[in-house]
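Everything on this sheet refers to the single structure shown next.
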Amino acid sequence: MPIKFEHVSHTYGEGTPFCYNALNDVNLELKEGKFTAIIGQTGSGKSTLIQHLNALLLPTAGTVYVLDRKITAGHQPKKLKSLRQDVGLVFQFPEYQLFEETVLKDVAFGPKNFGASEEEANQKARAALRKTGLDAEYEERSPLELSGGQKRRVAIAGILAMDPKILVLDEPTAGLDPQGAAKMMELFDSLNREGKTVLMVTHDMEQVFRYCDEVVVLENGKQKIQMDVKSFFKDPELCRQLHILPPALIRMKEMLEKKGFEFDEDIMDLRSFSKEVARQVKKNG
Amino acid sequence: MGNVTLGRYIPLDSPVHRLDPRSKILAMIMMLVAIFFPSGWIGYAILFAVVSFMIILSKLSFGFIWKSMKPMLVMLLFLLVINILVIHTGPVLATIGPVTIYTDAIMQTLYIVVRLLLMIMITTCVTATTKPLDMTLGIEDLLQPFEKIGVPSHEIAMLISIALRFIPDLIDETNRIIKAQASRGVDLKEGKIMERIMAILSLIVPLFVSAFQRAEDLANAMEARGYQPGERRTRYKVLKFKTGDYVLLACSAALVVCMIWLAYFR
């Protein structure tokens with residue numbers, strides 16, 4: 001069981017006038033190797049939640065289990081460093097964390113911090129850069145002179161080079177052009193297929209629908225739902241109750257059903273959906 | 001980073017909060033001048049009473065003043081040591097080993113402590129009761145007469161208000177970068193010297209980059225809306241002196257006169 005939240009709450013500034021309850025009795029269980037989406041409106045506690053995974057924030061109540069570690073409210077956890085290596089956290093707009101002179105050095109910074117030798121770190125950095133689609137010609141350039149999308153890739157490579165078992169992403173495609181975003185999602189998808197557990201905060205339901213296995217919905221710091229993506233989107237009413245606009249395919253299905261089309265519940269991809277539409281159009285003339 | 005009290009605005013509703021920032025700044029300058037006349041302990045007692053009255057009137061707590069005072073303690077201790085070593089006049093108070101302590105050294109230090117305490121009380125009383133933006137408006141108005149000799153009053157005020165406006169943003173940004181680098185294994189508290197220098201570098205470089213980025217964005221946004229530094233413009237908030245402001249200014253002036261009399265004409 002790589003990740004488990006038991007009655008986890010987090011209150012910012014406890015005992016001050018600015019006291020704010022960001023997470024409220026969250027119970028979660030995430031299995032190994034899954035691609036999980038965390039969705040919810042702005043201020044619902046998504047970012048607070050993910051920062052518990054590598055103990056940047058500690059629960060103010062409850063217990064978080066990550067891999068074989070237990071983080072309980074009120075106890076300063078030990079071995080934080082190894083936890084941070086195992087859980088790679090990519091913040092929103094991670095390009096702001098770049099600081100080294102060259103791309104290669106910046107990506108190798110993480111592994112070096114976790115005790116890798118210079119050579120080992122460079123090797124890992126190169127491998128991570130290839131994965132994110134940046135070839136050797138970028139290695140010696142300054143990360144600050146790259147384009148926004150390339151910077152994002154370098155920053156993500158910086159986390160991948162640490163070879164984390166769990167990858168946590170906070171809106172990784174925000175502000176990217178559609179092609180860049182699609183490429184990025186393909187990368188996370190392939191990492192997930194290689195066996196990494198991936199968690200992603202996102203507002204893009206199309207991404208959730210297409211790539212994720214499970215979905216967790218947060219609202220006002222409370223966990224509303226945890227279920228698998230297919231069954232979640234089978235119920236468009238549930239989505240709307242949670243102020244979530246279902247993906248285009250699902251909305252299309254709904255509209256056509258109102259016009260007299262009939263669809264099997266399990267039709268969840270564009271190809272079989274369009275085949276089915278074509279079949280029914282032909283049949284009914 | 002969140003518990004800096006020196007110079008922070010405390011949103012309360014009190015007669016002092018409602019005063020015009022210009023009169024508060026002028027009164028502050030006068031009182032600060034008054035402190036530096038050698039008016040003896042009677043003078044300090046009067047000043048202390050007046051300033052305490054202002055603090056009570058402004059509904060600030062003395063605990064808050066004490067918190068602002070705290071960072072100065074180390075400096076005062078250092079000062080005491082220097083004074084004991086340097087000042088060798090007046091009756092001998094005590095001898096500890098090779099060091100002889102003279103009364104003048106202690107008195108001199110006490111004077112400085114009282115002056116510093118008064119200064120902090122006065123400035124805190126002003127900064128804690130005046131919104132930063134009102135303060136810059138006040139500074140701009142007070143500098144206006146000096147424009148004839150080439151003091152760019154509006155630009156100075158704009159500079160100050162922009163600097164103030166970005167402080168919370170930069171604190172947020174710093175916290176964000178600390179967290180992002182911590183996720184990459186940076187440990188700001190532990191490690192060898194080289195590692196720690198690296199850790200601080202990994203914080204400062206991104207912070208500078210984003211600060212410059214913000215500055216550029218702001219400059220562009222201002223230019224896009226036709227900002228011209230030298231141009232005359234009307235204000236949304238027009239400052240106006242009320243009775244309280246005249247009373248404050250009169251009292252401050254009286255205080256200065258009183259201190260001069262105590263110091264030189266008694």
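In the structure tokens, each chain is lettered A, B, ... as it comes, each chain's residues begin at 1, and ligands are numbered from 1 in order of appearance.
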
Exercise for the section: Find the residues of chain B in contact range of chain A, meaning any atom within 12 Å when counting only C-alpha atoms, and list them as a ChimeraX atom specification. Expected result: /B:2-3,173-188,190-192,194-196,198-211,213

Exercise for the section: Enumerate the residues of stretch 29-237 of chain B with a DSSP assignment of strand (DSSP E), computed from the backbone, and present them as an NGL selection string. Expected result: :B and (92-96 or 99-102)

Now that the selection is made, can you save its residues with all heavy atoms as a compact mmCIF listing (two decimals), in the first residue's frame?
```txt
# COMPACT_ATOMS: atom_id res chain seq x y z
N VAL B 92 33.43 55.27 40.45
CA VAL B 92 33.54 53.84 40.14
C VAL B 92 32.37 53.10 40.76
O VAL B 92 32.02 53.32 41.91
CB VAL B 92 34.87 53.27 40.67
CG1 VAL B 92 34.92 51.76 40.49
CG2 VAL B 92 36.04 53.93 39.96
N LEU B 93 31.74 52.26 39.97
CA LEU B 93 30.57 51.52 40.45
C LEU B 93 30.99 50.15 40.98
O LEU B 93 30.60 49.74 42.07
CB LEU B 93 29.56 51.35 39.31
CG LEU B 93 28.15 50.99 39.73
CD1 LEU B 93 27.50 52.15 40.45
CD2 LEU B 93 27.32 50.60 38.51
N ALA B 94 31.80 49.45 40.21
CA ALA B 94 32.25 48.11 40.63
C ALA B 94 33.49 47.73 39.83
O ALA B 94 33.77 48.32 38.80
CB ALA B 94 31.14 47.09 40.39
N THR B 95 34.22 46.76 40.36
CA THR B 95 35.37 46.26 39.63
C THR B 95 35.25 44.74 39.54
O THR B 95 35.12 44.05 40.55
CB THR B 95 36.69 46.61 40.34
OG1 THR B 95 36.67 48.01 40.61
CG2 THR B 95 37.88 46.27 39.48
N ILE B 96 35.22 44.26 38.30
CA ILE B 96 35.14 42.81 38.09
C ILE B 96 36.40 42.39 37.36
O ILE B 96 36.57 42.69 36.18
CB ILE B 96 33.90 42.42 37.27
CG1 ILE B 96 32.63 43.01 37.92
CG2 ILE B 96 33.78 40.90 37.16
CD1 ILE B 96 31.44 43.06 37.00
N VAL B 99 38.28 44.59 34.71
CA VAL B 99 37.38 45.61 34.17
C VAL B 99 36.79 46.46 35.31
O VAL B 99 36.24 45.92 36.27
CB VAL B 99 36.22 44.97 33.38
CG1 VAL B 99 35.36 46.04 32.74
CG2 VAL B 99 36.78 44.02 32.34
N THR B 100 36.94 47.78 35.18
CA THR B 100 36.33 48.68 36.14
C THR B 100 35.12 49.32 35.50
O THR B 100 35.20 49.84 34.39
CB THR B 100 37.32 49.78 36.57
OG1 THR B 100 38.58 49.16 36.77
CG2 THR B 100 36.86 50.47 37.83
N ILE B 101 33.98 49.26 36.21
CA ILE B 101 32.77 49.84 35.64
C ILE B 101 32.53 51.20 36.28
O ILE B 101 32.47 51.33 37.51
CB ILE B 101 31.55 48.91 35.89
CG1 ILE B 101 31.81 47.55 35.24
CG2 ILE B 101 30.29 49.55 35.33
CD1 ILE B 101 30.76 46.52 35.54
N TYR B 102 32.39 52.25 35.45
CA TYR B 102 32.13 53.60 35.94
C TYR B 102 30.65 53.92 35.78
O TYR B 102 29.99 53.42 34.87
CB TYR B 102 32.97 54.61 35.15
CG TYR B 102 34.45 54.43 35.37
CD1 TYR B 102 35.18 53.54 34.59
CD2 TYR B 102 35.12 55.14 36.37
CE1 TYR B 102 36.53 53.36 34.78
CE2 TYR B 102 36.48 54.97 36.57
CZ TYR B 102 37.18 54.08 35.79
OH TYR B 102 38.51 53.91 35.98
```

Exercise for the section: Would you mind listing what lies within 12 Å of B:Val51 as a PyMOL selection string, with only C-alpha atoms counted and same-chain residues fewer than 4 positions away left out? Expected result: chain B and resi 16+27-28+31-32+34-35+44-47+55-58+60+62+65+117-126+248+251-252+255

Problem - Which of stretch 35-199 of chain B DSSP labels helix (DSSP H, G or I), written as a VMD selection string - result: chain B and resid 35 40 to 57 62 to 86 103 to 127 132 to 149 153 to 183 193 to 199

Exercise for the section: For A:Pro77, list every protein, DNA or RNA residue within 9 Å, evaluated using only C-alpha atoms, and leave out those in the same chain fewer than 4 positions away; present the list as a PyMOL selection string. Expected result: chain A and resi 55+58+69-72

Problem - Residue nearest B:Tyr246 - candidates B:Ser68, B:Ser23, B:Thr136, B:Ser153, atoms counted: only C-alpha atoms - result: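 Closest to B:Tyr246, using only C-alpha atoms: B:Ser23.
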
Practice task
Would you mind listing what lies within 9 Å of A:Val277 as a list in words, with only C-alpha atoms counted and same-chain residues fewer than 4 positions away left out?
Solution key: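 The contact residues come out as Leu256, Phe261, Phe263, Ser272, Phe273, Val281 and Lys282 of chain A.
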
Problem - Distance query A:Pro172 at most 10 Å, only C-alpha atoms, self and fewer than 5 positions along chain excluded, as a list in words - result: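 So, after excluding close chain neighbours, the residues are Val90, Phe91, Gln92, Phe93, Pro94, Arg152, Arg153, Ile156, Ala181, Met184, Met185, Phe188, Met200, Val201 and Thr202 of chain A.
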
Exercise for the section: Find the residues around stretch 72-83 of chain B up to 12 Å (only C-alpha atoms counted), leave out those fewer than 5 positions away in its own chain, and share them as a ChimeraX atom specification. Expected result: /B:6,65-67,88-89,99-117,119-120
